Amino acid sequence: MGRVYVVELEGKIYRCKFCLTHLALLDDLVSKAFHCRRGKAYLFNNAVNIIVGDQEERLMLSGMHTVADIFCCCCGQIVGWKYEAAHEQSQKYKEGKYILERGRIIDGIDPELYLDTQMGGSDAEDA
C-alpha cells in the first residue's frame with residue numbers, strides 16, 4: 001500500500017470517532033433525517049479521508065440502491081456508505097452523496113452530536 005495523505009479540513013467539521021480524522025464539513029451536510037442499522041445517520045455532499053469499498057445492490061427502506069461502504073482511511077473503521085445509484089426516480093438526489101453514521105462520527109463544535117453518538121440506536125435503513 002502507499003503512503004496515506006490526510007486532508008485537513010477548515011471550519012466546522014465531523015471527525016472519525018475512533019481516530020479523529022477529518023471526514024466532512026458542516027457546510028456539506030444535506031440532511032440529518034437518515035437511518036442505518038446502528039441508529040441515525042447524516043447525508044453529505046462530500047466526504048474526505050475515506051476509502052470506498054466494493055459496490056453492491058442493497059434494498060433499503062427507500063428502495064433498491066447501488067452503494068459502497070466507506071471506511072476511514074486512517075483507522076479502517078466503517079463510517080458509512082456512498083450512494084452510487086438509485087433505482088427509483090424519486091431517490092436520484094442521493095446519487096454520489098455520502099452517509100456518515102452518527103455513532104461513528106463526532107463533532108467538537110456541537111456537544112449534542114457527541115452525546116448522541118454515545119447512545120445505541122435501533123432504527124434500521126436496511127429492510
# chains A, B, ... in the order shown; residues from 1 in each chain; ligands from 1

$ residues_around --residues "A:Gly76" --least-positions-apart "5" --cutoff "10 Å" --atoms "only C-alpha atoms" --output "list in words"
Phe18, Cys19, Ile50, Ile51, Ile70 and Phe71 of chain A

$ write_last_selection --atoms "all heavy atoms" --output "mmCIF file, in the first residue's frame"
data_model
loop_
_atom_site.group_PDB
_atom_site.id
_atom_site.type_symbol
_atom_site.label_atom_id
_atom_site.label_comp_id
_atom_site.auth_asym_id
_atom_site.auth_seq_id
_atom_site.Cartn_x
_atom_site.Cartn_y
_atom_site.Cartn_z
ATOM 1 N N PHE A 18 -13.215 7.156 16.041
ATOM 2 C CA PHE A 18 -12.196 6.233 16.504
ATOM 3 C C PHE A 18 -10.784 6.814 16.465
ATOM 4 O O PHE A 18 -9.960 6.503 17.319
ATOM 5 C CB PHE A 18 -12.271 4.935 15.690
ATOM 6 C CG PHE A 18 -13.636 4.318 15.722
ATOM 7 C CD1 PHE A 18 -14.528 4.521 14.681
ATOM 8 C CD2 PHE A 18 -14.045 3.576 16.817
ATOM 9 C CE1 PHE A 18 -15.800 3.974 14.721
ATOM 10 C CE2 PHE A 18 -15.320 3.029 16.872
ATOM 11 C CZ PHE A 18 -16.200 3.232 15.819
ATOM 12 N N CYS A 19 -10.499 7.677 15.469
ATOM 13 C CA CYS A 19 -9.139 8.208 15.358
ATOM 14 C C CYS A 19 -9.089 9.727 15.150
ATOM 15 O O CYS A 19 -8.008 10.288 15.014
ATOM 16 C CB CYS A 19 -8.386 7.503 14.228
ATOM 17 S SG CYS A 19 -8.995 7.894 12.585
ATOM 18 N N ILE A 50 -11.496 8.982 3.127
ATOM 19 C CA ILE A 50 -12.241 7.724 3.142
ATOM 20 C C ILE A 50 -11.707 6.797 2.063
ATOM 21 O O ILE A 50 -11.085 7.227 1.101
ATOM 22 C CB ILE A 50 -13.751 7.950 2.921
ATOM 23 C CG1 ILE A 50 -13.992 8.669 1.598
ATOM 24 C CG2 ILE A 50 -14.376 8.684 4.086
ATOM 25 C CD1 ILE A 50 -15.434 8.668 1.142
ATOM 26 N N ILE A 51 -11.974 5.530 2.257
ATOM 27 C CA ILE A 51 -11.720 4.507 1.249
ATOM 28 C C ILE A 51 -13.089 3.956 0.865
ATOM 29 O O ILE A 51 -13.878 3.583 1.738
ATOM 30 C CB ILE A 51 -10.816 3.393 1.799
ATOM 31 C CG1 ILE A 51 -9.449 3.971 2.177
ATOM 32 C CG2 ILE A 51 -10.687 2.249 0.797
ATOM 33 C CD1 ILE A 51 -8.587 3.034 2.981
ATOM 34 N N ILE A 70 -18.072 2.909 3.053
ATOM 35 C CA ILE A 70 -16.907 3.784 3.130
ATOM 36 C C ILE A 70 -16.231 3.591 4.485
ATOM 37 O O ILE A 70 -16.876 3.394 5.497
ATOM 38 C CB ILE A 70 -17.250 5.270 2.862
ATOM 39 C CG1 ILE A 70 -18.319 5.795 3.819
ATOM 40 C CG2 ILE A 70 -17.665 5.459 1.407
ATOM 41 C CD1 ILE A 70 -18.610 7.295 3.668
ATOM 42 N N PHE A 71 -14.892 3.665 4.446
ATOM 43 C CA PHE A 71 -14.060 3.386 5.604
ATOM 44 C C PHE A 71 -13.136 4.561 5.856
ATOM 45 O O PHE A 71 -12.661 5.204 4.912
ATOM 46 C CB PHE A 71 -13.211 2.131 5.361
ATOM 47 C CG PHE A 71 -14.019 0.925 4.992
ATOM 48 C CD1 PHE A 71 -14.390 0.689 3.673
ATOM 49 C CD2 PHE A 71 -14.422 0.031 5.967
ATOM 50 C CE1 PHE A 71 -15.145 -0.416 3.328
ATOM 51 C CE2 PHE A 71 -15.174 -1.087 5.633
ATOM 52 C CZ PHE A 71 -15.540 -1.311 4.313
#

$ residues_around --residues "A:Arg58" --least-positions-apart "3" --cutoff "12 Å" --atoms "only C-alpha atoms" --output "list in words"
Gln55, Leu61, Ser62, Gly63, Met64, His65, Thr66, Val67, Ala68, Asp69, Trp81, Lys82, Tyr83, Glu84, Ala85, Ala86, His87, Glu125, Asp126 and Ala127 of chain A

$ atom_distance --atom1 "atom CA of A:Ala33" --atom2 "atom CA of A:Leu59"
18.0 Å

$ atom_distance --atom1 "atom CA of A:Cys16" --atom2 "atom CA of A:Ile99"
13.0 Å

$ select_by_dssp --residues "stretch 3-120 of chain A" --states "helix (DSSP H, G or I)" --output "count of residues only"
19
